[in-house]
$ cat final-v9.cif   # mmCIF, C-alpha atoms and all ligand atoms
data_protein
#
loop_
_atom_site.label_atom_id
_atom_site.label_comp_id
_atom_site.auth_asym_id
_atom_site.auth_seq_id
_atom_site.Cartn_x
_atom_site.Cartn_y
_atom_site.Cartn_z
CA MET L 68 100.93 48.58 123.08
CA LEU L 69 98.76 48.13 120.02
CA PHE L 70 96.56 50.15 117.75
CA ALA L 71 95.25 47.35 115.60
CA ARG L 72 92.32 49.08 113.90
CA PRO L 73 92.45 49.51 110.14
CA HIS L 74 90.64 52.89 110.18
CA LEU L 75 90.02 55.84 112.48
CA LEU L 76 86.27 56.40 112.26
CA GLY L 77 85.60 57.72 115.75
CA LEU L 78 86.72 57.67 119.36
CA GLU L 79 83.67 55.71 120.51
CA GLY L 80 84.84 52.28 121.56
CA LEU L 81 88.58 53.07 121.58
CA THR L 82 90.34 51.97 124.75
CA ALA L 83 92.35 54.27 127.03
CA GLU L 84 95.49 52.38 125.91
CA GLU L 85 94.73 53.06 122.24
CA ILE L 86 94.10 56.76 122.90
CA ASP L 87 97.28 57.02 125.00
CA PHE L 88 99.22 55.33 122.23
CA LEU L 89 98.00 57.89 119.67
CA LEU L 90 98.70 60.82 122.04
CA ASP L 91 102.19 59.54 122.84
CA SER L 92 102.87 59.11 119.13
CA ALA L 93 101.66 62.67 118.46
CA GLU L 94 103.92 64.00 121.18
CA SER L 95 106.93 62.42 119.46
CA PHE L 96 105.98 64.01 116.16
CA LYS L 97 105.71 67.54 117.59
CA GLU L 98 109.43 68.04 117.39
CA VAL L 99 109.46 67.60 113.58
CA SER L 100 107.45 70.81 113.19
CA GLU L 101 110.05 72.71 115.22
CA ARG L 102 112.90 71.82 112.87
CA GLU L 103 114.20 74.07 110.16
CA ILE L 104 113.54 71.33 107.62
CA LYS L 105 110.16 70.02 108.66
CA LYS L 106 110.16 66.67 106.94
CA VAL L 107 110.83 63.04 107.78
CA PRO L 108 110.83 60.21 105.25
CA ALA L 109 108.35 58.02 107.16
CA LEU L 110 105.67 57.87 104.42
CA ARG L 111 107.80 58.48 101.34
CA GLY L 112 106.10 57.02 98.27
CA ARG L 113 102.68 56.85 99.98
CA THR L 114 99.66 58.75 98.70
CA VAL L 115 97.07 60.40 100.93
CA VAL L 116 93.79 61.60 99.42
CA ASN L 117 91.89 64.39 101.20
CA LEU L 118 88.23 64.09 100.19
CA PHE L 119 86.33 67.08 101.59
CA TYR L 120 82.60 67.45 101.00
CA GLU L 121 82.26 70.33 103.48
CA ALA L 122 83.99 73.65 103.95
CA SER L 123 87.19 73.45 105.96
CA THR L 124 90.34 75.51 106.35
CA ARG L 125 92.00 74.24 109.50
CA THR L 126 91.34 70.53 109.27
CA ARG L 127 92.12 70.10 105.57
CA THR L 128 95.28 72.18 105.78
CA SER L 129 96.33 70.40 108.95
CA PHE L 130 95.97 66.96 107.33
CA GLU L 131 97.82 68.14 104.24
CA ILE L 132 100.70 69.61 106.22
CA ALA L 133 100.84 66.45 108.36
CA ALA L 134 101.04 64.19 105.30
CA LYS L 135 103.67 66.39 103.64
CA ARG L 136 105.84 66.48 106.78
CA LEU L 137 105.82 62.68 106.59
CA SER L 138 106.88 62.92 102.91
CA ALA L 139 103.63 61.44 101.57
CA ASP L 140 102.12 62.73 98.32
CA THR L 141 98.79 64.46 98.86
CA ILE L 142 95.77 64.97 96.62
CA ASN L 143 92.98 67.36 97.63
CA LEU L 144 89.47 66.82 96.32
CA SER L 145 86.52 68.99 97.25
CA ALA L 146 82.87 68.17 96.57
CA SER L 147 82.48 70.93 94.01
CA ALA L 148 85.57 69.78 92.12
CA SER L 149 84.66 66.08 92.21
CA SER L 150 82.18 64.05 90.20
CA ALA L 151 79.76 64.30 93.13
CA ALA L 152 78.69 67.49 91.39
CA LYS L 153 77.76 65.29 88.38
CA GLY L 154 75.67 62.91 90.45
CA GLU L 155 78.19 60.19 91.30
CA THR L 156 77.53 58.43 94.60
CA LEU L 157 80.03 58.65 97.44
CA THR L 158 80.69 54.91 97.21
CA ASP L 159 81.43 55.11 93.48
CA THR L 160 83.75 58.07 93.99
CA ALA L 161 85.56 56.15 96.73
CA ARG L 162 85.79 52.94 94.67
CA ASN L 163 87.30 54.88 91.80
CA LEU L 164 89.76 56.62 94.06
CA ALA L 165 90.63 53.28 95.67
CA ALA L 166 91.32 51.81 92.23
CA MET L 167 94.16 54.33 91.93
CA ARG L 168 95.68 52.72 95.04
CA PRO L 169 95.97 55.54 97.53
CA ASP L 170 97.39 54.60 100.92
CA ALA L 171 94.75 56.48 102.93
CA ILE L 172 91.61 58.50 102.34
CA VAL L 173 90.82 61.35 104.73
CA VAL L 174 87.13 62.18 104.44
CA ARG L 175 84.89 64.99 105.66
CA HIS L 176 81.20 64.72 104.84
CA PRO L 177 77.96 66.41 105.92
CA SER L 178 76.29 63.02 106.50
CA SER L 179 76.93 61.07 109.68
CA GLY L 180 78.22 57.61 108.83
CA ALA L 181 79.81 58.49 105.47
CA PRO L 182 83.34 57.40 106.56
CA ASP L 183 81.97 54.08 107.89
CA LEU L 184 80.30 53.49 104.53
CA LEU L 185 83.57 54.15 102.71
CA ALA L 186 85.46 51.85 105.05
CA ARG L 187 83.19 49.02 103.95
CA HIS L 188 83.85 49.62 100.26
CA VAL L 189 87.54 50.37 99.95
CA ASP L 190 90.55 48.53 101.28
CA CYS L 191 92.77 51.42 102.36
CA PRO L 192 92.63 53.16 105.76
CA ILE L 193 89.81 55.70 106.10
CA ILE L 194 90.30 58.62 108.47
CA ASN L 195 87.20 60.51 109.55
CA ALA L 196 87.82 64.27 109.36
CA GLY L 197 84.30 65.06 110.58
CA ASP L 198 80.98 63.43 109.55
CA GLY L 199 77.79 65.40 110.10
CA ALA L 200 76.98 65.68 113.78
CA HIS L 201 78.57 62.28 114.48
CA GLU L 202 82.33 62.29 115.18
CA HIS L 203 85.52 64.24 114.57
CA PRO L 204 88.13 61.97 116.14
CA THR L 205 91.33 63.83 115.24
CA GLN L 206 89.86 67.05 116.67
CA ALA L 207 89.14 65.30 119.97
CA LEU L 208 92.63 63.75 119.98
CA LEU L 209 94.25 67.15 119.54
CA ASP L 210 92.02 68.51 122.30
CA LEU L 211 93.04 65.63 124.58
CA LEU L 212 96.71 66.21 123.75
CA THR L 213 96.38 69.93 124.54
CA ILE L 214 94.65 69.19 127.85
CA ARG L 215 97.20 66.51 128.81
CA GLU L 216 100.09 68.83 127.95
CA ARG L 217 98.71 71.78 129.93
CA LYS L 218 97.32 69.86 132.90
CA GLY L 219 99.74 66.95 133.03
CA ARG L 220 96.80 64.53 133.11
CA ILE L 221 93.27 63.98 131.88
CA ALA L 222 91.90 61.61 134.54
CA GLY L 223 90.08 63.38 137.35
CA LEU L 224 89.58 66.69 135.50
CA THR L 225 86.16 68.28 135.06
CA VAL L 226 85.58 69.51 131.51
CA ALA L 227 82.66 71.78 130.54
CA ILE L 228 81.64 71.45 126.88
CA VAL L 229 79.60 74.56 126.18
CA GLY L 230 77.13 75.56 123.46
CA ASP L 231 75.59 73.73 120.53
CA VAL L 232 76.17 70.20 121.81
CA LEU L 233 73.24 68.84 119.84
CA HIS L 234 74.81 69.43 116.42
CA SER L 235 78.44 69.00 117.44
CA ARG L 236 80.64 66.13 116.29
CA VAL L 237 83.43 67.75 118.31
CA ALA L 238 81.36 67.38 121.49
CA ARG L 239 80.55 63.73 120.79
CA SER L 240 84.12 62.68 120.03
CA ASN L 241 85.39 64.57 123.06
CA LEU L 242 82.74 63.03 125.28
CA PHE L 243 83.84 59.51 124.31
CA GLY L 244 87.53 60.36 124.61
CA LEU L 245 87.31 62.26 127.88
CA LEU L 246 85.14 59.67 129.64
CA THR L 247 87.42 56.86 128.47
CA MET L 248 90.44 58.77 129.83
CA GLY L 249 88.76 59.23 133.21
CA ALA L 250 87.61 62.87 133.06
CA LYS L 251 84.19 64.15 134.09
CA VAL L 252 82.17 65.86 131.35
CA ARG L 253 79.59 68.57 131.86
CA PHE L 254 77.45 69.69 128.90
CA VAL L 255 76.40 73.33 129.25
CA GLY L 256 73.91 75.14 126.98
CA PRO L 257 70.22 75.86 126.49
CA PRO L 258 67.86 72.85 126.78
CA THR L 259 67.14 73.04 123.04
CA LEU L 260 70.85 72.44 122.30
CA VAL L 261 71.61 70.24 125.33
CA PRO L 262 68.59 67.92 125.56
CA PRO L 263 68.04 66.16 128.92
CA GLY L 264 68.45 62.76 127.22
CA PHE L 265 72.15 63.49 126.66
CA SER L 266 72.79 62.60 130.30
CA GLU L 267 72.43 58.98 129.21
CA LEU L 268 75.72 59.41 127.34
CA GLY L 269 77.46 59.85 130.69
CA ALA L 270 77.68 63.65 130.92
CA GLU L 271 76.29 65.91 133.61
CA ILE L 272 73.90 68.51 132.18
CA VAL L 273 73.73 72.14 133.30
CA TRP L 274 71.61 74.73 131.47
CA ASP L 275 73.00 77.84 133.12
CA LEU L 276 76.42 79.05 131.95
CA HIS L 277 77.67 80.48 135.25
CA GLU L 278 76.56 77.44 137.20
CA GLY L 279 77.99 75.12 134.55
CA LEU L 280 81.45 76.65 134.74
CA LYS L 281 81.71 76.39 138.50
CA ASP L 282 85.07 74.82 139.47
CA VAL L 283 85.80 73.31 136.07
CA ASP L 284 89.41 72.65 134.99
CA VAL L 285 88.75 72.96 131.26
CA VAL L 286 86.19 74.88 129.19
CA MET L 287 85.64 73.70 125.65
CA MET L 288 83.54 76.14 123.63
CA LEU L 289 81.53 75.05 120.59
CA ARG L 290 80.50 77.02 117.53
CA ILE L 291 76.79 77.46 116.88
CA GLN L 292 76.31 75.10 113.91
CA ARG L 293 73.89 77.24 111.92
CA GLU L 294 74.41 75.11 108.81
CA ARG L 295 73.00 72.08 110.65
CA MET L 296 70.00 73.81 112.23
CA ASN L 297 66.64 73.31 110.60
CA GLY L 298 64.53 74.74 113.40
CA ARG L 299 64.54 77.56 115.93
CA TYR L 300 66.77 76.60 118.81
CA PHE L 301 66.91 80.09 120.35
CA SER L 302 65.04 83.28 119.55
CA SER L 303 68.01 85.26 118.28
CA LEU L 304 71.80 85.12 118.16
CA ASP L 305 71.73 88.21 120.32
CA GLU L 306 69.77 86.42 123.04
CA TYR L 307 72.01 83.37 122.76
CA SER L 308 75.15 85.43 123.21
CA ARG L 309 73.66 87.31 126.16
CA LEU L 310 73.12 84.01 127.96
CA TYR L 311 75.95 81.79 126.69
CA CYS L 312 78.80 83.92 125.34
CA LEU L 313 81.97 83.09 127.28
CA SER L 314 82.92 86.37 128.93
CA ALA L 315 85.68 87.08 131.46
CA ASP L 316 82.92 87.15 134.12
CA ALA L 317 81.80 83.65 133.29
CA VAL L 318 85.40 82.39 133.24
CA ALA L 319 85.82 83.69 136.80
CA ARG L 320 83.48 80.89 137.96
CA ALA L 321 85.96 78.23 136.81
CA ARG L 322 89.11 77.15 138.63
CA LYS L 323 91.93 79.69 138.76
CA ASP L 324 94.10 77.59 136.45
CA VAL L 325 91.33 76.91 133.91
CA ILE L 326 92.20 76.49 130.23
CA ILE L 327 89.87 77.48 127.39
CA LEU L 328 89.61 75.52 124.14
CA HIS L 329 87.71 76.20 120.91
CA PRO L 330 87.99 73.99 117.80
CA GLY L 331 87.53 76.95 115.44
CA PRO L 332 86.19 78.61 113.46
CA MET L 333 85.20 81.02 116.25
CA ASN L 334 82.26 83.35 116.11
CA ARG L 335 83.66 86.15 118.22
CA GLY L 336 80.96 87.87 120.21
CA VAL L 337 78.51 84.97 119.73
CA GLU L 338 79.90 82.05 121.75
CA ILE L 339 83.17 83.58 122.93
CA SER L 340 84.31 87.13 123.64
CA SER L 341 87.56 88.36 122.13
CA THR L 342 88.90 89.13 125.62
CA VAL L 343 88.63 85.43 126.48
CA ALA L 344 89.63 84.05 123.07
CA ASP L 345 92.86 86.07 123.10
CA GLY L 346 93.30 86.06 126.88
CA PRO L 347 95.74 84.27 129.19
CA TYR L 348 93.62 81.12 129.69
CA SER L 349 93.15 80.46 125.99
CA VAL L 350 95.04 77.49 124.49
CA ILE L 351 93.33 77.77 121.11
CA MET L 352 96.56 78.22 119.12
CA ASP L 353 98.15 75.24 120.94
CA GLN L 354 95.23 73.18 119.66
CA VAL L 355 96.03 74.15 116.07
CA THR L 356 99.73 73.32 116.52
CA ASN L 357 98.89 70.00 118.15
CA GLY L 358 96.48 69.20 115.31
CA VAL L 359 99.38 68.69 112.89
CA ALA L 360 101.20 66.34 115.29
CA VAL L 361 98.05 64.32 115.98
CA ARG L 362 97.35 63.91 112.26
CA MET L 363 100.97 62.93 111.60
CA ALA L 364 100.60 60.26 114.28
CA VAL L 365 97.31 58.94 112.92
CA LEU L 366 98.61 58.81 109.35
CA TYR L 367 101.82 57.19 110.45
CA VAL L 368 100.14 54.58 112.61
CA LEU L 369 97.53 53.63 109.97
CA VAL L 370 99.62 53.93 106.81
CA GLY L 371 103.09 53.08 108.11
CA ARG L 372 101.70 49.89 109.56
CA ARG L 373 100.39 48.75 106.20
CA LYS L 374 103.87 49.14 104.84
CA ALA L 375 105.38 47.10 107.65
CA GLY L 376 102.70 44.44 107.22
CA ALA L 377 103.15 44.24 103.45
CA GLU L 378 106.89 43.83 103.80
CA GLN L 379 106.30 40.94 106.13
CA GLY L 380 103.73 39.51 103.74
CA GLU L 381 101.06 39.65 106.41
CA GLY L 382 98.74 42.33 105.10
CA ALA L 383 97.55 44.95 107.56
CA VAL L 384 98.66 43.42 110.80
CA PRO L 385 98.77 45.00 114.22
CA ILE L 386 102.29 45.98 115.13
CA ALA L 387 103.83 46.83 118.42
CA LEU L 388 104.81 50.30 119.57
CA ALA L 389 108.46 49.37 119.17
CA GLU L 390 107.99 48.68 115.46
CA ALA L 391 105.70 51.65 114.80
CA SER L 392 107.72 54.02 116.95
CA PRO L 393 107.17 57.52 115.61
CA ARG L 394 110.36 58.49 117.41
CA ARG L 395 112.19 56.00 115.23
CA ALA L 396 110.37 57.36 112.18
CA ALA L 397 111.24 60.90 113.16
CA THR L 398 114.90 60.28 113.89
CA GLY L 399 115.45 57.61 111.28
CA GLU L 400 117.21 55.41 113.86
C1 LIG L 501 84.89 71.85 113.72
C2 LIG L 501 84.18 71.01 112.69
O1 LIG L 501 84.31 71.22 111.50
O2 LIG L 501 83.50 70.11 113.14
N1 LIG L 501 85.92 72.62 113.19
C3 LIG L 501 87.11 72.08 112.88
O3 LIG L 501 87.25 70.94 112.56
N2 LIG L 501 88.17 72.89 112.99
C4 LIG L 501 83.99 72.64 114.54
C5 LIG L 501 83.06 73.60 113.86
O4 LIG L 501 82.95 73.66 112.66
O5 LIG L 501 82.38 74.29 114.62
#
$ encode --input "final-v9.cif" --output "structure tokens" --more "lines below"
Ligand code: NCD
Amino acid sequence: MLFARPHLLGLEGLTAEEIDFLLDSAESFKEVSEREIKKVPALRGRTVVNLFYEASTRTRTSFEIAAKRLSADTINLSASASSAAKGETLTDTARNLAAMRPDAIVVRHPSSGAPDLLARHVDCPIINAGDGAHEHPTQALLDLLTIRERKGRIAGLTVAIVGDVLHSRVARSNLFGLLTMGAKVRFVGPPTLVPPGFSELGAEIVWDLHEGLKDVDVVMMLRIQRERMNGRYFSSLDEYSRLYCLSADAVARARKDVIILHPGPMNRGVEISSTVADGPYSVIMDQVTNGVAVRMAVLYVLVGRRKAGAEQGEGAVPIALAEASPRRAATGE
């Protein structure tokens, strides 16, 4: 099985085999985080730059921990600490970083398409850690891994993605990933945040929360993206939460073995009640744990491959699962 792409910019266009490959790889890496000494030498001597132009706790920390557990060196750059604050363009910043020969750049940016732009200007792997309202592929991969782990499969499940779909890169990446893996996706939220046109993306659209949750296997809650809203999408947060906050009552409409996901950060009492967030159906902490494994897999597959290719004098060539085996990397066999 192959993952031949040089970058991870989004889940749109990835095949089910490619997604399975990344999820299987992540599963092998999970065990490293359970060891007393949480480190394998897989990316020793490699450098990973985290370039974050937007606030982040979970995702940046998760990428950093993932890189460190693979023994890579990590550099963290935030927008306020970089020359962007002095007027340098993103491309110039990236070219300068690339000139220092990092082995991967992980980028989060408020503008959709920023990682694609970088990928055209630098020659190391670019990993999209969230670009505007476009994509957040590693988040969707960790969501898929959590669902697969808990449900034993993804194909055939019905997944409700609830809330601010319009501004959500998490919703878009999950939509692409879930449809490719054979799940059904239902977008649930007010018409201002779930426009009718979104049905063209392949999702069913339901505007009522209780109706939308009927018989679903998985509920994925979204945060209201106030920082991306430049209009009035609902009259008040209070009204929004009255209609769309995930309460125990609403959860009762779903299947008995439903699982509840949220990418974080949560706005308790706005889109999700504390009873549900901390309740028995919640797998929110599993998502965070799985995030590290998914990012280890992505870094290993993209960066480790370059190493293998260079040693063979072939540049960045696709390599087979056997050669890229994270299990082998983890055990050192
Ligand atoms: C998400 C993001 O930044 O897109 N959070 C995350 O990566 N943990 C979701 C959000 O901010 O609502």
$ closest_atom_pairs --input "final-v9.cif" --of "chain L" --to "ligand LIG 501 (chain L)" --cutoff "10 Å" --atoms "all atoms listed in the file" --output "JSON lines"
{"residue": "L:Glu121", "atom": "CA", "partner": "L:LIG501", "partner_atom": "O1", "distance": 8.3}
{"residue": "L:Ala122", "atom": "CA", "partner": "L:LIG501", "partner_atom": "O1", "distance": 7.9}
{"residue": "L:Ser123", "atom": "CA", "partner": "L:LIG501", "partner_atom": "O1", "distance": 6.6}
{"residue": "L:Thr124", "atom": "CA", "partner": "L:LIG501", "partner_atom": "N2", "distance": 7.5}
{"residue": "L:Arg125", "atom": "CA", "partner": "L:LIG501", "partner_atom": "N2", "distance": 5.4}
{"residue": "L:Thr126", "atom": "CA", "partner": "L:LIG501", "partner_atom": "O3", "distance": 5.3}
{"residue": "L:Arg127", "atom": "CA", "partner": "L:LIG501", "partner_atom": "O3", "distance": 8.6}
{"residue": "L:Ser129", "atom": "CA", "partner": "L:LIG501", "partner_atom": "N2", "distance": 9.4}
{"residue": "L:Arg175", "atom": "CA", "partner": "L:LIG501", "partner_atom": "O1", "distance": 8.6}
{"residue": "L:His176", "atom": "CA", "partner": "L:LIG501", "partner_atom": "O1", "distance": 9.8}
{"residue": "L:Pro177", "atom": "CA", "partner": "L:LIG501", "partner_atom": "O1", "distance": 9.7}
{"residue": "L:Ala196", "atom": "CA", "partner": "L:LIG501", "partner_atom": "O3", "distance": 7.4}
{"residue": "L:Gly197", "atom": "CA", "partner": "L:LIG501", "partner_atom": "O2", "distance": 5.7}
{"residue": "L:Asp198", "atom": "CA", "partner": "L:LIG501", "partner_atom": "O2", "distance": 8.0}
{"residue": "L:Gly199", "atom": "CA", "partner": "L:LIG501", "partner_atom": "O2", "distance": 8.0}
{"residue": "L:Ala200", "atom": "CA", "partner": "L:LIG501", "partner_atom": "O2", "distance": 7.9}
{"residue": "L:His201", "atom": "CA", "partner": "L:LIG501", "partner_atom": "O2", "distance": 9.3}
{"residue": "L:Glu202", "atom": "CA", "partner": "L:LIG501", "partner_atom": "O2", "distance": 8.2}
{"residue": "L:His203", "atom": "CA", "partner": "L:LIG501", "partner_atom": "O2", "distance": 6.4}
{"residue": "L:Pro204", "atom": "CA", "partner": "L:LIG501", "partner_atom": "O3", "distance": 9.7}
{"residue": "L:Thr205", "atom": "CA", "partner": "L:LIG501", "partner_atom": "O3", "distance": 8.6}
{"residue": "L:Gln206", "atom": "CA", "partner": "L:LIG501", "partner_atom": "O3", "distance": 6.2}
{"residue": "L:Ala207", "atom": "CA", "partner": "L:LIG501", "partner_atom": "O3", "distance": 9.5}
{"residue": "L:Asp231", "atom": "CA", "partner": "L:LIG501", "partner_atom": "O5", "distance": 9.0}
{"residue": "L:His234", "atom": "CA", "partner": "L:LIG501", "partner_atom": "O5", "distance": 9.2}
{"residue": "L:Ser235", "atom": "CA", "partner": "L:LIG501", "partner_atom": "O2", "distance": 6.7}
{"residue": "L:Arg236", "atom": "CA", "partner": "L:LIG501", "partner_atom": "O2", "distance": 5.8}
{"residue": "L:Val237", "atom": "CA", "partner": "L:LIG501", "partner_atom": "O2", "distance": 5.7}
{"residue": "L:Ala238", "atom": "CA", "partner": "L:LIG501", "partner_atom": "O2", "distance": 9.0}
{"residue": "L:Met288", "atom": "CA", "partner": "L:LIG501", "partner_atom": "O5", "distance": 9.3}
{"residue": "L:Leu289", "atom": "CA", "partner": "L:LIG501", "partner_atom": "O5", "distance": 6.1}
{"residue": "L:Arg290", "atom": "CA", "partner": "L:LIG501", "partner_atom": "O5", "distance": 4.4}
{"residue": "L:Ile291", "atom": "CA", "partner": "L:LIG501", "partner_atom": "O5", "distance": 6.8}
{"residue": "L:Gln292", "atom": "CA", "partner": "L:LIG501", "partner_atom": "O5", "distance": 6.2}
{"residue": "L:Arg293", "atom": "CA", "partner": "L:LIG501", "partner_atom": "O5", "distance": 9.4}
{"residue": "L:Glu294", "atom": "CA", "partner": "L:LIG501", "partner_atom": "O4", "distance": 9.5}
{"residue": "L:His329", "atom": "CA", "partner": "L:LIG501", "partner_atom": "C4", "distance": 8.2}
{"residue": "L:Pro330", "atom": "CA", "partner": "L:LIG501", "partner_atom": "N2", "distance": 4.9}
{"residue": "L:Gly331", "atom": "CA", "partner": "L:LIG501", "partner_atom": "N2", "distance": 4.8}
{"residue": "L:Pro332", "atom": "CA", "partner": "L:LIG501", "partner_atom": "O5", "distance": 5.9}
{"residue": "L:Met333", "atom": "CA", "partner": "L:LIG501", "partner_atom": "O5", "distance": 7.5}
{"residue": "L:Asn334", "atom": "CA", "partner": "L:LIG501", "partner_atom": "O5", "distance": 9.2}
{"residue": "L:Gln354", "atom": "CA", "partner": "L:LIG501", "partner_atom": "N2", "distance": 9.7}
{"residue": "L:Val355", "atom": "CA", "partner": "L:LIG501", "partner_atom": "N2", "distance": 8.5}
{"residue": "L:Gly358", "atom": "CA", "partner": "L:LIG501", "partner_atom": "N2", "distance": 9.4}
$ closest_residue --input "final-v9.cif" --among "L:Pro73, L:Cys312, L:Phe243, L:Glu85" --to "Asp183 (chain L)" --atoms "all atoms listed in the file"
L:Pro73
$ closest_residue --input "final-v9.cif" --among "L:Asn195, L:Ser340, L:Thr114, L:Ser240" --to "Thr141 (chain L)" --atoms "only C-alpha atoms"
L:Thr114
$ residues_around --input "final-v9.cif" --residues "region 315-320 of chain L" --least-positions-apart "6" --cutoff "10 Å" --atoms "only C-alpha atoms" --output "number ranges by chain"
L: 276-283, 286, 326-327, 339-344, 346, 348
$ residues_near_point --input "final-v9.cif" --point "(91.5, 75.4, 136.6)" --cutoff "8 Å" --atoms "only C-alpha atoms" --output "list in words"
Asp282, Val283, Asp284, Val285, Ala321, Arg322, Lys323, Asp324, Val325 and Ile326 of chain L
$ closest_residue --input "final-v9.cif" --among "L:Val252, L:Leu81, L:Ala227, L:Leu310" --to "Leu69 (chain L)" --atoms "all atoms listed in the file"
L:Leu81
$ closest_residue --input "final-v9.cif" --among "L:Ser314, L:Thr158, L:Ser303, L:Asn163" --to "Leu184 (chain L)" --atoms "only C-alpha atoms"
L:Thr158
$ closest_residue --input "final-v9.cif" --among "L:Val107, L:Leu76, L:Leu209, L:Ile228" --to "Arg253 (chain L)" --atoms "all atoms listed in the file"
L:Ile228
$ atom_distance --input "final-v9.cif" --atom1 "CA of Asp170 (chain L)" --atom2 "CA of Asp210 (chain L)"
26.1 Å
$ residues_around --input "final-v9.cif" --residues "region 249-251 of chain L" --least-positions-apart "2" --cutoff "6 Å" --atoms "all atoms listed in the file" --output "VMD selection string"
chain L and resid 221 to 225 245 to 247
$ closest_residue --input "final-v9.cif" --among "L:Ala71, L:Leu144, L:Ile351, L:Val189" --to "Arg162 (chain L)" --atoms "only C-alpha atoms"
L:Val189
$ atom_distance --input "final-v9.cif" --atom1 "CA of Ser100 (chain L)" --atom2 "CA of Met363 (chain L)"
10.3 Å
$ decode --input "final-v9.cif" --residues "region 99-104 of chain L" --atoms "all heavy atoms" --output "PDB file, in the first residue's frame"
ATOM      1  N   VAL L  99       3.811   3.565  21.491  1.00  0.00           N
ATOM      2  CA  VAL L  99       5.008   4.315  21.930  1.00  0.00           C
ATOM      3  C   VAL L  99       4.657   5.251  23.093  1.00  0.00           C
ATOM      4  O   VAL L  99       5.428   5.403  24.044  1.00  0.00           O
ATOM      5  CB  VAL L  99       5.612   5.130  20.744  1.00  0.00           C
ATOM      6  CG1 VAL L  99       6.782   5.982  21.221  1.00  0.00           C
ATOM      7  CG2 VAL L  99       6.045   4.195  19.612  1.00  0.00           C
ATOM      8  N   SER L 100       3.446   5.835  23.023  1.00  0.00           N
ATOM      9  CA  SER L 100       3.043   6.784  24.066  1.00  0.00           C
ATOM     10  C   SER L 100       2.673   6.092  25.376  1.00  0.00           C
ATOM     11  O   SER L 100       2.457   6.743  26.385  1.00  0.00           O
ATOM     12  CB  SER L 100       1.868   7.635  23.576  1.00  0.00           C
ATOM     13  OG  SER L 100       2.276   8.403  22.470  1.00  0.00           O
ATOM     14  N   GLU L 101       2.569   4.764  25.342  1.00  0.00           N
ATOM     15  CA  GLU L 101       2.257   4.022  26.570  1.00  0.00           C
ATOM     16  C   GLU L 101       3.525   3.550  27.275  1.00  0.00           C
ATOM     17  O   GLU L 101       3.480   3.023  28.373  1.00  0.00           O
ATOM     18  CB  GLU L 101       1.367   2.794  26.259  1.00  0.00           C
ATOM     19  CG  GLU L 101       0.045   3.118  25.550  1.00  0.00           C
ATOM     20  CD  GLU L 101      -0.786   4.148  26.318  1.00  0.00           C
ATOM     21  OE1 GLU L 101      -0.758   4.115  27.561  1.00  0.00           O
ATOM     22  OE2 GLU L 101      -1.437   4.990  25.665  1.00  0.00           O
ATOM     23  N   ARG L 102       4.671   3.722  26.618  1.00  0.00           N
ATOM     24  CA  ARG L 102       5.917   3.249  27.238  1.00  0.00           C
ATOM     25  C   ARG L 102       6.380   4.199  28.328  1.00  0.00           C
ATOM     26  O   ARG L 102       5.982   5.363  28.345  1.00  0.00           O
ATOM     27  CB  ARG L 102       7.037   3.200  26.181  1.00  0.00           C
ATOM     28  CG  ARG L 102       6.763   2.254  25.048  1.00  0.00           C
ATOM     29  CD  ARG L 102       7.968   2.268  24.148  1.00  0.00           C
ATOM     30  NE  ARG L 102       7.668   1.590  22.897  1.00  0.00           N
ATOM     31  CZ  ARG L 102       8.538   1.518  21.892  1.00  0.00           C
ATOM     32  NH1 ARG L 102       9.728   2.086  21.987  1.00  0.00           N
ATOM     33  NH2 ARG L 102       8.215   0.886  20.797  1.00  0.00           N
ATOM     34  N   GLU L 103       7.297   3.689  29.155  1.00  0.00           N
ATOM     35  CA  GLU L 103       7.862   4.570  30.166  1.00  0.00           C
ATOM     36  C   GLU L 103       8.769   5.601  29.465  1.00  0.00           C
ATOM     37  O   GLU L 103       8.726   6.788  29.763  1.00  0.00           O
ATOM     38  CB  GLU L 103       8.654   3.744  31.174  1.00  0.00           C
ATOM     39  CG  GLU L 103       9.007   4.524  32.399  1.00  0.00           C
ATOM     40  CD  GLU L 103       9.808   3.698  33.385  1.00  0.00           C
ATOM     41  OE1 GLU L 103       9.768   2.451  33.307  1.00  0.00           O
ATOM     42  OE2 GLU L 103      10.492   4.307  34.212  1.00  0.00           O
ATOM     43  N   ILE L 104       9.572   5.119  28.547  1.00  0.00           N
ATOM     44  CA  ILE L 104      10.406   6.048  27.762  1.00  0.00           C
ATOM     45  C   ILE L 104       9.751   6.192  26.404  1.00  0.00           C
ATOM     46  O   ILE L 104       9.795   5.284  25.568  1.00  0.00           O
ATOM     47  CB  ILE L 104      11.847   5.533  27.672  1.00  0.00           C
ATOM     48  CG1 ILE L 104      12.387   5.487  29.095  1.00  0.00           C
ATOM     49  CG2 ILE L 104      12.694   6.435  26.772  1.00  0.00           C
ATOM     50  CD1 ILE L 104      13.773   5.000  29.255  1.00  0.00           C
TER      51      ILE L 104
END
